[in-house]
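Shown here: input.cif, mmCIF, C-alpha atoms.
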```cif
data_protein
#
loop_
_atom_site.group_PDB
_atom_site.id
_atom_site.type_symbol
_atom_site.label_atom_id
_atom_site.label_comp_id
_atom_site.auth_asym_id
_atom_site.auth_seq_id
_atom_site.Cartn_x
_atom_site.Cartn_y
_atom_site.Cartn_z
ATOM 1 C CA MET Z 179 107.806 82.388 114.847
ATOM 2 C CA ARG Z 180 105.598 84.987 113.173
ATOM 3 C CA ILE Z 181 104.991 88.597 114.138
ATOM 4 C CA VAL Z 182 102.016 90.217 112.408
ATOM 5 C CA GLN Z 183 101.514 93.945 112.024
ATOM 6 C CA SER Z 184 99.123 94.638 109.195
ATOM 7 C CA PRO Z 185 99.929 95.043 106.366
ATOM 8 C CA TYR Z 186 103.230 93.270 107.134
ATOM 9 C CA GLN Z 187 104.238 89.981 108.666
ATOM 10 C CA ALA Z 188 107.662 88.902 109.873
ATOM 11 C CA ARG Z 189 108.848 85.312 109.982
ATOM 12 C CA ILE Z 190 111.770 84.255 112.150
ATOM 13 C CA VAL Z 191 113.159 81.043 110.688
ATOM 14 C CA PRO Z 192 116.414 79.071 110.708
ATOM 15 C CA GLN Z 193 118.496 79.866 107.639
ATOM 16 C CA SER Z 194 118.549 76.166 106.746
ATOM 17 C CA PRO Z 195 118.099 72.813 108.493
ATOM 18 C CA GLY Z 196 121.845 72.284 108.260
ATOM 19 C CA ALA Z 197 122.618 75.625 109.939
ATOM 20 C CA PRO Z 198 120.448 75.830 113.081
ATOM 21 C CA ASN Z 199 122.661 78.574 114.544
ATOM 22 C CA LEU Z 200 121.860 81.049 111.740
ATOM 23 C CA TRP Z 201 118.496 82.828 111.744
ATOM 24 C CA ARG Z 202 116.583 84.890 109.221
ATOM 25 C CA CYS Z 203 114.105 87.679 109.766
ATOM 26 C CA VAL Z 204 111.924 87.808 106.651
ATOM 27 C CA ILE Z 205 109.325 90.583 106.380
ATOM 28 C CA GLU Z 206 106.691 90.437 103.643
ATOM 29 C CA GLN Z 207 103.609 92.451 102.879
ATOM 30 C CA GLU Z 208 100.414 90.461 103.506
ATOM 31 C CA GLY Z 209 99.091 88.890 100.314
ATOM 32 C CA SER Z 210 102.477 89.141 98.602
ATOM 33 C CA LYS Z 211 105.557 86.920 98.551
ATOM 34 C CA GLU Z 212 107.825 89.917 97.866
ATOM 35 C CA VAL Z 213 110.415 90.254 100.629
ATOM 36 C CA VAL Z 214 110.413 93.799 102.004
ATOM 37 C CA VAL Z 215 113.213 93.233 104.562
ATOM 38 C CA LEU Z 216 115.662 90.383 105.079
ATOM 39 C CA HIS Z 217 118.155 90.156 107.951
ATOM 40 C CA GLU Z 218 120.399 87.245 108.909
ATOM 41 C CA THR Z 219 121.676 86.886 112.459
ATOM 42 C CA ALA Z 220 123.467 84.362 114.628
ATOM 43 C CA ARG Z 221 120.762 84.263 117.314
ATOM 44 C CA LYS Z 222 117.003 83.798 117.150
ATOM 45 C CA GLU Z 223 116.476 86.584 119.700
ATOM 46 C CA ASP Z 224 118.474 89.010 117.532
ATOM 47 C CA ALA Z 225 116.314 88.143 114.528
ATOM 48 C CA ARG Z 226 113.182 88.777 116.605
ATOM 49 C CA CYS Z 227 114.504 92.163 117.750
ATOM 50 C CA MET Z 228 115.338 93.117 114.151
ATOM 51 C CA ALA Z 229 111.799 92.178 113.115
ATOM 52 C CA LEU Z 230 110.273 94.388 115.814
ATOM 53 C CA LEU Z 231 112.532 97.309 114.870
ATOM 54 C CA GLU Z 232 111.807 96.974 111.159
ATOM 55 C CA LEU Z 233 108.060 96.627 111.701
ATOM 56 C CA ALA Z 234 108.130 99.802 113.795
ATOM 57 C CA ARG Z 235 110.041 101.557 111.010
ATOM 58 C CA LEU Z 236 107.541 100.372 108.398
ATOM 59 C CA GLU Z 237 104.540 101.470 110.466
ATOM 60 C CA PRO Z 238 103.044 104.483 108.644
ATOM 61 C CA THR Z 239 101.987 106.425 111.749
ATOM 62 C CA GLY Z 240 105.099 105.659 113.756
ATOM 63 C CA SER Z 241 102.934 105.045 116.816
ATOM 64 C CA PRO Z 242 103.459 101.845 118.781
ATOM 65 C CA THR Z 243 100.773 99.179 118.569
ATOM 66 C CA LYS Z 244 100.375 95.734 120.042
ATOM 67 C CA ARG Z 245 101.877 93.091 117.794
ATOM 68 C CA PRO Z 246 100.697 89.516 118.189
ATOM 69 C CA ILE Z 247 103.587 87.057 118.336
ATOM 70 C CA THR Z 248 102.847 83.470 117.363
ATOM 71 C CA GLY Z 249 104.942 80.341 117.441
ATOM 72 C CA LYS Z 250 108.051 79.459 119.396
#
```

Output the file's structure in the form of C-alpha cells.
Amino acid sequence: MRIVQSPYQARIVPQSPGAPNLWRCVIEQEGSKEVVVLHETARKEDARCMALLELARLEPTGSPTKRPITGK
C-alpha cells in the first residue's frame, strides 16, 4: 500500500516474507531513497494510521488535504 502526499510518499509493507504479522511504515521524500520516518507495528492498520499521522505532521501548512491511497 502507498499513500502519496507530495513531496512525501509512505509505503506500508510487511517487514519480511517470513514475518507477515509485522508491518513497516516507510516514509520517503519523492525522488529520494532516504527514509524520513520508519515505524514498525504488529498490524497493517496500525502502520497505515502511523503513516497518515506522520504525513500530517510533515505537511508544511498543517492543513488537511486529500491523500490518495493505492494498493491493498

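Nearest-residue note for Pro192 (chain Z): choosing from Z:Met228, Z:Ile205, Z:Ala220, Z:Leu233, the minimum distance belongs to Z:Ala220, counting all atoms listed in the file.
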
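Taking all atoms listed in the file into account, Gln193 (chain Z) lies nearest to Z:Glu218 out of the set Z:Glu223, Z:Glu218, Z:Glu232, Z:Glu237.
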
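For the choices Z:Lys222, Z:Arg180, Z:Pro185, Z:Leu216, the atom-to-atom distance to Pro198 (chain Z) is smallest for Z:Lys222 when using all atoms listed in the file.
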
request  = Go through the shown structure with the PyMOL selection byres ((chain Z and resi 227) around 12) and write out the matching residues as a PyMOL selection string.
outcome  = chain Z and resi 181+188-190+201-203+217-219+221-226+228-234

Kindly save the residues from that selection, with C-alpha atoms included, as a PDB file, keeping the file's coordinate frame.
```pdb
ATOM      1  CA  ILE Z 181     104.991  88.597 114.138  1.00  0.00           C
ATOM      2  CA  ALA Z 188     107.662  88.902 109.873  1.00  0.00           C
ATOM      3  CA  ARG Z 189     108.848  85.312 109.982  1.00  0.00           C
ATOM      4  CA  ILE Z 190     111.770  84.255 112.150  1.00  0.00           C
ATOM      5  CA  TRP Z 201     118.496  82.828 111.744  1.00  0.00           C
ATOM      6  CA  ARG Z 202     116.583  84.890 109.221  1.00  0.00           C
ATOM      7  CA  CYS Z 203     114.105  87.679 109.766  1.00  0.00           C
ATOM      8  CA  HIS Z 217     118.155  90.156 107.951  1.00  0.00           C
ATOM      9  CA  GLU Z 218     120.399  87.245 108.909  1.00  0.00           C
ATOM     10  CA  THR Z 219     121.676  86.886 112.459  1.00  0.00           C
ATOM     11  CA  ARG Z 221     120.762  84.263 117.314  1.00  0.00           C
ATOM     12  CA  LYS Z 222     117.003  83.798 117.150  1.00  0.00           C
ATOM     13  CA  GLU Z 223     116.476  86.584 119.700  1.00  0.00           C
ATOM     14  CA  ASP Z 224     118.474  89.010 117.532  1.00  0.00           C
ATOM     15  CA  ALA Z 225     116.314  88.143 114.528  1.00  0.00           C
ATOM     16  CA  ARG Z 226     113.182  88.777 116.605  1.00  0.00           C
ATOM     17  CA  MET Z 228     115.338  93.117 114.151  1.00  0.00           C
ATOM     18  CA  ALA Z 229     111.799  92.178 113.115  1.00  0.00           C
ATOM     19  CA  LEU Z 230     110.273  94.388 115.814  1.00  0.00           C
ATOM     20  CA  LEU Z 231     112.532  97.309 114.870  1.00  0.00           C
ATOM     21  CA  GLU Z 232     111.807  96.974 111.159  1.00  0.00           C
ATOM     22  CA  LEU Z 233     108.060  96.627 111.701  1.00  0.00           C
ATOM     23  CA  ALA Z 234     108.130  99.802 113.795  1.00  0.00           C
TER      24      ALA Z 234
END
```

key: Long-range neighbours of Tyr186 (chain Z) as a ChimeraX atom specification, 7 Å cut-off, only C-alpha atoms, 3 positions minimum in chain   = /Z:182-183,205-208

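For the pair CA of Ser210 (chain Z) and CA of Gly196 (chain Z), the separation is 27.4 Å.
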
Six-sided padding of 6 Å per side, axis-aligned box over region 193-205 of chain Z, centre and edges in Å, one decimal, as lines of an AutoDock Vina configuration file:
```
center_x = 116.0
center_y = 81.4
center_z = 110.5
size_x = 25.3
size_y = 30.3
size_z = 20.2
```
